[in-house]
Amino acid sequence: MAKMWAGRTAGNTDQIADDFNSSIHFDSRMYQQDITGSMAHAAMLAKQGIIAKAEADTLIDGLAGILSDLEEGKLAIDMTAEDIHMFVEQVLTERLGEVGKKLHTARSRNDQVALDLRMYLRAEIDEIAALARALVATVTDKAEEYADVILPGYTHLQRAQPILFGHHLMAYAMMLLRDLDRLADCRKRMNQSPIGCCALAGTTYETDRRFEAERLGFDGICRNSLDGVSDRDFALEMLSALSILMMHLSRFSEEIILWCSWEFKFVELSDAYTTGSSIMPQKKNPDMAELVRGKTGRVYGDLMALLTTLKGIPLAYNKDMQEDKESIFDAVDTVKMCLQVFDGMVATMVANRENMLRAAQKGFINATDLADYLVKKGMPFRSAYKISGQLVAKCIAENTVLEELSLDVYRAYSDLFDQDLYDAISLRTCVETRISEGGTSLASVREQISYVKERLK
Ligand code: ARG
């Protein structure tokens with residue numbers, strides 16, 4: 001494609017330099033935003049008397065034609081064009097002649113690309129939020145299904161205290177709700193219009209930036225033209241929010257991978273979300289969870305790439321900034337795929353109640369409750385903690401568990417022990433008595449579930 005900026009330069013760009021410089025193979029995905037933005041621009045130019053109303057109508061019709069031709073496959077994007085902005089303008093001029101050349105009045109590709117990217121990402125945030133919301137609903141449904149299933153809660157990956165599987169799952173629902181909040185918050189700052197900042201300094205024409213912003217669904221305008229064309233904070237904020245979201249999915253993935261192992265066997269994933277081995281016939285591998293965990297690194301990489309690109313560039317636009325798009329597009333695509341596959345994987349995941357309970361019955365995870373039992377009968381916590389520890393040591397030495405020790409043995413350690421201790425240290429009691437707000441009791445889990453359902457409305 002011929003260069004629109006030929007004039008100052010006469011010689012042709014080197015072929016390799018041309019390919020290197022071009023961004024059309026990744027920014028063409030913003031064609032819809034580019035065209036919609038241009039339509040609003042043409043309308044504004046006419047409203048302000050900068051071009052004639054009839055000219056604006058011609059431009060807008062021409063742009064609408066390009067949009068529908070692209071969508072219907074009647075017009076192919078020319079991959080030799082420099083970028084999507086040049087491509088659209090060039091086709092418009094080919095189709096309309098002289099009037100096509102009026103579109104770029106009081107505008108620059110610098111504010112145009114910033115506009116397109118904000119509009120594109122704003123729509124992506126909405127899509128990602130919808131997928132994340134669906135995942136929260138799925139996780140919450142699972143939590144409801146398995147609300148009363150006991151499993152060990154861990155710290156340091158050592159069995160710590162019994163908890164309900166519903167409680168464990170709801171922890172992830174809470175994380176995902178915060179991810180949704182972060183995305184919504186980032187969208188607010190993203191939704192300020194840079195169009196009209198022009199190349200860097202604004203323009204001598206009497207434009208109406210607010211008219212354009214309003215037409216394009218923005219909440220306001222960027223208030224400094226240099227900032228408007230130089231700012232990519234909105235992409236960084238989104239990448240940060242996506243990185244944190246991926247970190248949550250990655251932790252969840254890691255747990256699912258552990259739970260699927262023969263060592264745990266807490267859950268079984270559906271065949272639809274697992275793969276086999278080409279050599280080991282017994283294998284059922286949690287590839288989807290592993291890939292989500294793996295792809296987290298890639299989204300972090302996208303964030304780091306853009307942070308690093310931006311850190312040293314002076315105001316205002318520099319070509320370095322063209323590098324913003326591949327990072328953020330990669331993150332967007334990755335997160336959307338991960339959320340979808342993760343949702344299906346969790347929805348079809350089956351918990352093994354017996355194995356979870358069995359694991360909870362081993363590791364003395366009621367030792368805290370044994371100590372609390374003595375405390376409730378008047379012993380200071382530190383002394384109770386010591387006796388409880390001694391009893392655990394005795395169990396380990398004799399290869400037994402706290403529930404199996406006789407009352408006589410208990411009484412040898414403290415005469416505060418009575419028959420009711422057995423009920424106090426039963427796993428069900430341990431869980432049911434953790435009634436503090438946000439604790440693992442069934443009532444608390446139910447409360448969390450209704451809170452999340454309310455938030456999803
Ligand atoms: N393709 C460019 C980008 O993605 C568009 C802006 C180009 N502006 C310029 N003055 N070279 O950043």
# chains A, B, ... in the order shown; residues from 1 in each chain; ligands from 1
>>> residues_around(residues="Asp208 (chain A)", least_positions_apart="2", cutoff="10 Å", atoms="only C-alpha atoms", output="list of chain:residue names")
A:His41, A:Met44, A:Leu45, A:Lys47, A:Gln48, A:Ile195, A:Gly196, A:Tyr205, A:Glu206, A:Arg210, A:Phe211, A:Glu212, A:Ala213
>>> residues_near_ligand(ligand="ligand 1", cutoff="9 Å", atoms="only C-alpha atoms and all ligand atoms", output="tab-separated table (two decimals) with C-alpha atoms, in the first residue's frame")
chain	number	residue	atom	x	y	z
A	21	ASN	CA	7.23	-1.05	11.26
A	22	SER	CA	3.82	-2.40	10.36
A	23	SER	CA	1.25	-3.24	13.02
A	24	ILE	CA	-1.67	-4.25	10.82
A	27	ASP	CA	-4.12	-4.00	15.21
A	82	GLU	CA	0.99	0.12	7.84
A	83	ASP	CA	-1.80	-0.15	10.36
A	84	ILE	CA	-5.57	-0.38	10.64
A	85	HIS	CA	-5.98	3.42	10.75
A	86	MET	CA	-4.11	3.90	7.48
A	108	SER	CA	-3.81	12.34	14.50
A	109	ARG	CA	-3.10	8.64	14.55
A	110	ASN	CA	-1.75	9.27	18.04
A	111	ASP	CA	-5.12	10.13	19.53
A	112	GLN	CA	-6.82	7.73	17.14
A	113	VAL	CA	-4.86	4.68	18.30
A	114	ALA	CA	-5.35	5.64	21.95
A	199	ALA	CA	-0.79	14.64	17.70
A	317	TYR	CA	3.89	9.46	21.37
A	318	ASN	CA	6.85	7.26	20.50
A	319	LYS	CA	6.72	4.25	18.26
A	320	ASP	CA	7.67	2.04	21.21
A	321	MET	CA	4.04	2.40	22.20
A	322	GLN	CA	2.92	0.29	19.27
A	323	GLU	CA	4.25	-2.61	21.37
A	324	ASP	CA	1.38	-2.14	23.84
A	325	LYS	CA	-1.09	-4.05	21.73
>>> closest_atom_pairs(of="region 233-257 of chain A", to="region 328-341 of chain A", cutoff="10 Å", atoms="only C-alpha atoms", output="tab-separated table")
residue	atom	partner	partner_atom	distance
A:Ala235	CA	A:Ile328	CA	6.8
A:Leu236	CA	A:Ile328	CA	8.4
A:Met238	CA	A:Ile328	CA	8.2
A:Leu239	CA	A:Ile328	CA	6.7
A:Leu242	CA	A:Val335	CA	7.1
A:Ser243	CA	A:Ala331	CA	8.4
A:Leu245	CA	A:Val335	CA	8.4
A:Met246	CA	A:Val335	CA	7.2
A:Leu249	CA	A:Leu339	CA	8.3
A:Ser250	CA	A:Cys338	CA	10.0
>>> write_last_selection(atoms="C-alpha atoms", output="mmCIF file, in the first residue's frame")
data_model
loop_
_atom_site.group_PDB
_atom_site.id
_atom_site.type_symbol
_atom_site.label_atom_id
_atom_site.label_comp_id
_atom_site.auth_asym_id
_atom_site.auth_seq_id
_atom_site.Cartn_x
_atom_site.Cartn_y
_atom_site.Cartn_z
ATOM 1 C CA ALA A 235 -3.667 -1.113 29.641
ATOM 2 C CA LEU A 236 -1.282 -1.624 32.547
ATOM 3 C CA MET A 238 -5.963 -4.113 33.018
ATOM 4 C CA LEU A 239 -2.871 -6.301 32.702
ATOM 5 C CA LEU A 242 -5.646 -9.909 34.654
ATOM 6 C CA SER A 243 -2.382 -11.036 36.227
ATOM 7 C CA LEU A 245 -6.961 -13.015 38.229
ATOM 8 C CA MET A 246 -4.610 -15.544 36.624
ATOM 9 C CA LEU A 249 -6.811 -19.398 38.766
ATOM 10 C CA SER A 250 -3.279 -20.738 39.049
#
>>> residues_around(residues="region 155-169 of chain A", least_positions_apart="6", cutoff="6 Å", atoms="only C-alpha atoms", output="ChimeraX atom specification")
/A:143,146-149,363,365,431,440,445
>>> residues_around(residues="region 50-58 of chain A", least_positions_apart="4", cutoff="8 Å", atoms="only C-alpha atoms", output="PyMOL selection string")
chain A and resi 42-43+45-46+62+96+99+102+205-206
>>> write_last_selection(atoms="C-alpha atoms", output="PDB file, in the first residue's frame")
ATOM      1  CA  ALA A  42     -16.872  13.077  10.996  1.00  0.00           C
ATOM      2  CA  ALA A  43     -20.114  13.938  12.789  1.00  0.00           C
ATOM      3  CA  LEU A  45     -16.415  17.982  12.278  1.00  0.00           C
ATOM      4  CA  ALA A  46     -19.757  18.740  10.610  1.00  0.00           C
ATOM      5  CA  GLY A  62     -18.509   5.317   3.313  1.00  0.00           C
ATOM      6  CA  LEU A  96     -14.993   8.408  -2.036  1.00  0.00           C
ATOM      7  CA  VAL A  99     -13.848  14.002   0.420  1.00  0.00           C
ATOM      8  CA  LYS A 102     -11.094  15.333   4.884  1.00  0.00           C
ATOM      9  CA  TYR A 205      -9.840  23.925  15.000  1.00  0.00           C
ATOM     10  CA  GLU A 206     -12.831  24.530  17.204  1.00  0.00           C
TER      11      GLU A 206
END
>>> atom_distance(atom1="CA of Tyr300 (chain A)", atom2="CA of Glu237 (chain A)")
12.4 Å
>>> residues_around(residues="Arg223 (chain A)", least_positions_apart="2", cutoff="12 Å", atoms="only C-alpha atoms", output="MDAnalysis selection string")
chainID A and resid 192:197 201:202 209:210 220:221 225:229 231
>>> select_by_dssp(residues="region 63-152 of chain A", states="alpha helix (DSSP H)", output="compact mmCIF listing (two decimals) with C-alpha atoms, in the first residue's frame")
# COMPACT_ATOMS: atom_id res chain seq x y z
CA LEU A 63 -17.27 4.18 6.71
CA ALA A 64 -20.45 2.17 7.31
CA GLY A 65 -19.90 0.51 3.93
CA ILE A 66 -16.33 -0.43 4.83
CA LEU A 67 -17.51 -1.84 8.14
CA SER A 68 -20.21 -4.01 6.63
CA ASP A 69 -17.94 -5.13 3.78
CA LEU A 70 -15.30 -6.20 6.29
CA GLU A 71 -17.87 -8.01 8.37
CA ILE A 84 -5.57 -0.38 10.64
CA HIS A 85 -5.98 3.42 10.75
CA MET A 86 -4.11 3.90 7.48
CA PHE A 87 -5.97 1.01 5.89
CA VAL A 88 -9.44 2.34 6.67
CA GLU A 89 -8.59 5.86 5.56
CA GLN A 90 -6.99 4.63 2.37
CA VAL A 91 -9.98 2.47 1.40
CA LEU A 92 -12.29 5.36 2.23
CA THR A 93 -10.35 7.69 -0.03
CA GLU A 94 -10.24 5.12 -2.82
CA ARG A 95 -14.01 4.76 -2.58
CA LEU A 96 -14.99 8.41 -2.04
CA ARG A 109 -3.10 8.64 14.55
CA ASN A 110 -1.75 9.27 18.04
CA ASP A 111 -5.12 10.13 19.53
CA GLN A 112 -6.82 7.73 17.14
CA VAL A 113 -4.86 4.68 18.30
CA ALA A 114 -5.35 5.64 21.95
CA LEU A 115 -9.08 5.93 21.30
CA ASP A 116 -9.33 2.61 19.47
CA LEU A 117 -7.42 0.78 22.14
CA ARG A 118 -9.53 2.16 24.97
CA MET A 119 -12.73 1.26 23.14
CA TYR A 120 -11.46 -2.19 22.26
CA LEU A 121 -10.27 -3.02 25.76
CA ARG A 122 -13.38 -1.63 27.38
CA ALA A 123 -15.42 -4.19 25.40
CA GLU A 124 -12.96 -6.92 26.34
CA ILE A 125 -13.28 -6.04 30.01
CA ASP A 126 -17.02 -6.53 29.69
CA GLU A 127 -16.52 -9.93 28.08
CA ILE A 128 -13.94 -11.04 30.60
CA ALA A 129 -16.12 -9.86 33.47
CA ALA A 130 -19.04 -11.88 32.09
CA LEU A 131 -16.85 -14.99 31.94
CA ALA A 132 -15.48 -14.37 35.43
CA ARG A 133 -19.00 -13.84 36.75
CA ALA A 134 -20.05 -17.15 35.21
CA LEU A 135 -17.13 -18.83 36.91
CA VAL A 136 -18.04 -17.33 40.30
CA ALA A 137 -21.55 -18.74 39.83
CA THR A 138 -20.15 -22.17 38.97
CA VAL A 139 -17.80 -22.20 41.95
CA THR A 140 -20.65 -21.11 44.21
CA ASP A 141 -22.91 -23.87 42.87
CA LYS A 142 -20.16 -26.41 43.58
CA ALA A 143 -19.76 -25.00 47.06
CA GLU A 144 -23.48 -25.44 47.60
CA GLU A 145 -23.38 -29.00 46.28
>>> atom_distance(atom1="CA of Pro152 (chain A)", atom2="CA of Gln361 (chain A)")
8.3 Å
>>> atom_distance(atom1="CA of Phe26 (chain A)", atom2="CA of His104 (chain A)")
22.2 Å
>>> select_by_dssp(residues="region 53-177 of chain A", states="strand (DSSP E)", output="PyMOL selection string")
chain A and resi 150-155+158-164
>>> closest_atom_pairs(of="region 403-427 of chain A", to="region 372-384 of chain A", cutoff="8 Å", atoms="only C-alpha atoms", output="tab-separated table")
residue	atom	partner	partner_atom	distance
A:Leu416	CA	A:Lys377	CA	6.7
A:Phe417	CA	A:Leu374	CA	7.3
A:Leu421	CA	A:Tyr373	CA	7.0
A:Ala424	CA	A:Tyr373	CA	6.8
>>> residues_around(residues="Lys3 (chain A)", least_positions_apart="2", cutoff="10 Å", atoms="only C-alpha atoms", output="PyMOL selection string")
chain A and resi 1+5-7+9+12-13+81-82+86+90
>>> write_last_selection(atoms="all heavy atoms", output="compact mmCIF listing (two decimals), in the first residue's frame")
# COMPACT_ATOMS: atom_id res chain seq x y z
N MET A 1 0.85 -1.20 0.00
CA MET A 1 0.00 0.00 0.00
C MET A 1 0.88 1.25 0.00
O MET A 1 1.87 1.31 0.75
CB MET A 1 -0.88 -0.01 1.25
CG MET A 1 -2.31 0.39 0.97
SD MET A 1 -3.32 0.25 2.46
CE MET A 1 -4.93 0.13 1.73
N TRP A 5 1.79 9.13 4.23
CA TRP A 5 2.65 10.22 4.71
C TRP A 5 3.76 10.58 3.74
O TRP A 5 4.62 11.40 4.03
CB TRP A 5 3.24 9.92 6.10
CG TRP A 5 3.61 8.50 6.38
CD1 TRP A 5 2.91 7.62 7.13
CD2 TRP A 5 4.78 7.78 5.92
NE1 TRP A 5 3.53 6.41 7.19
CE2 TRP A 5 4.70 6.47 6.46
CE3 TRP A 5 5.87 8.10 5.12
CZ2 TRP A 5 5.65 5.49 6.21
CZ3 TRP A 5 6.84 7.12 4.87
CH2 TRP A 5 6.72 5.84 5.42
N ALA A 6 3.76 9.97 2.52
CA ALA A 6 4.78 10.32 1.53
C ALA A 6 4.62 11.79 1.19
O ALA A 6 3.51 12.29 0.98
CB ALA A 6 4.63 9.46 0.29
N GLY A 7 5.68 12.53 1.15
CA GLY A 7 5.61 13.97 0.97
C GLY A 7 6.92 14.52 1.50
O GLY A 7 7.77 14.97 0.74
N THR A 9 9.12 12.58 2.72
CA THR A 9 10.12 11.66 2.20
C THR A 9 9.73 11.26 0.78
O THR A 9 8.56 11.21 0.45
CB THR A 9 10.20 10.39 3.07
OG1 THR A 9 8.88 9.86 3.19
CG2 THR A 9 10.76 10.69 4.44
N ASN A 12 11.54 5.06 -1.08
CA ASN A 12 10.72 4.00 -0.52
C ASN A 12 11.36 3.42 0.74
O ASN A 12 12.58 3.41 0.87
CB ASN A 12 10.54 2.87 -1.54
CG ASN A 12 9.59 3.30 -2.64
OD1 ASN A 12 8.72 4.16 -2.43
ND2 ASN A 12 9.78 2.74 -3.83
N THR A 13 10.51 2.94 1.65
CA THR A 13 11.04 2.29 2.85
C THR A 13 11.57 0.92 2.44
O THR A 13 11.01 0.27 1.56
CB THR A 13 9.94 2.05 3.92
OG1 THR A 13 8.76 2.73 3.52
CG2 THR A 13 10.39 2.49 5.27
N ALA A 81 -0.67 -2.81 4.41
CA ALA A 81 -0.91 -1.47 4.97
C ALA A 81 -0.10 -1.34 6.26
O ALA A 81 0.26 -2.34 6.88
CB ALA A 81 -2.39 -1.27 5.25
N GLU A 82 0.17 -0.09 6.64
CA GLU A 82 0.99 0.12 7.84
C GLU A 82 0.24 -0.25 9.12
O GLU A 82 0.77 -0.93 10.00
CB GLU A 82 1.43 1.58 7.88
CG GLU A 82 2.48 1.87 8.93
CD GLU A 82 2.92 3.34 8.88
OE1 GLU A 82 2.92 3.92 7.78
OE2 GLU A 82 3.25 3.87 9.94
N MET A 86 -4.50 3.56 8.85
CA MET A 86 -4.11 3.90 7.48
C MET A 86 -4.96 3.12 6.48
O MET A 86 -5.38 3.64 5.46
CB MET A 86 -2.64 3.54 7.24
CG MET A 86 -1.69 4.44 7.97
SD MET A 86 -1.85 6.13 7.38
CE MET A 86 -0.27 6.79 7.87
N GLN A 90 -7.36 4.83 3.77
CA GLN A 90 -6.99 4.63 2.37
C GLN A 90 -8.16 4.06 1.54
O GLN A 90 -8.44 4.52 0.46
CB GLN A 90 -5.79 3.68 2.29
CG GLN A 90 -4.96 3.85 1.04
CD GLN A 90 -3.47 3.98 1.38
OE1 GLN A 90 -3.11 4.31 2.52
NE2 GLN A 90 -2.62 3.70 0.43
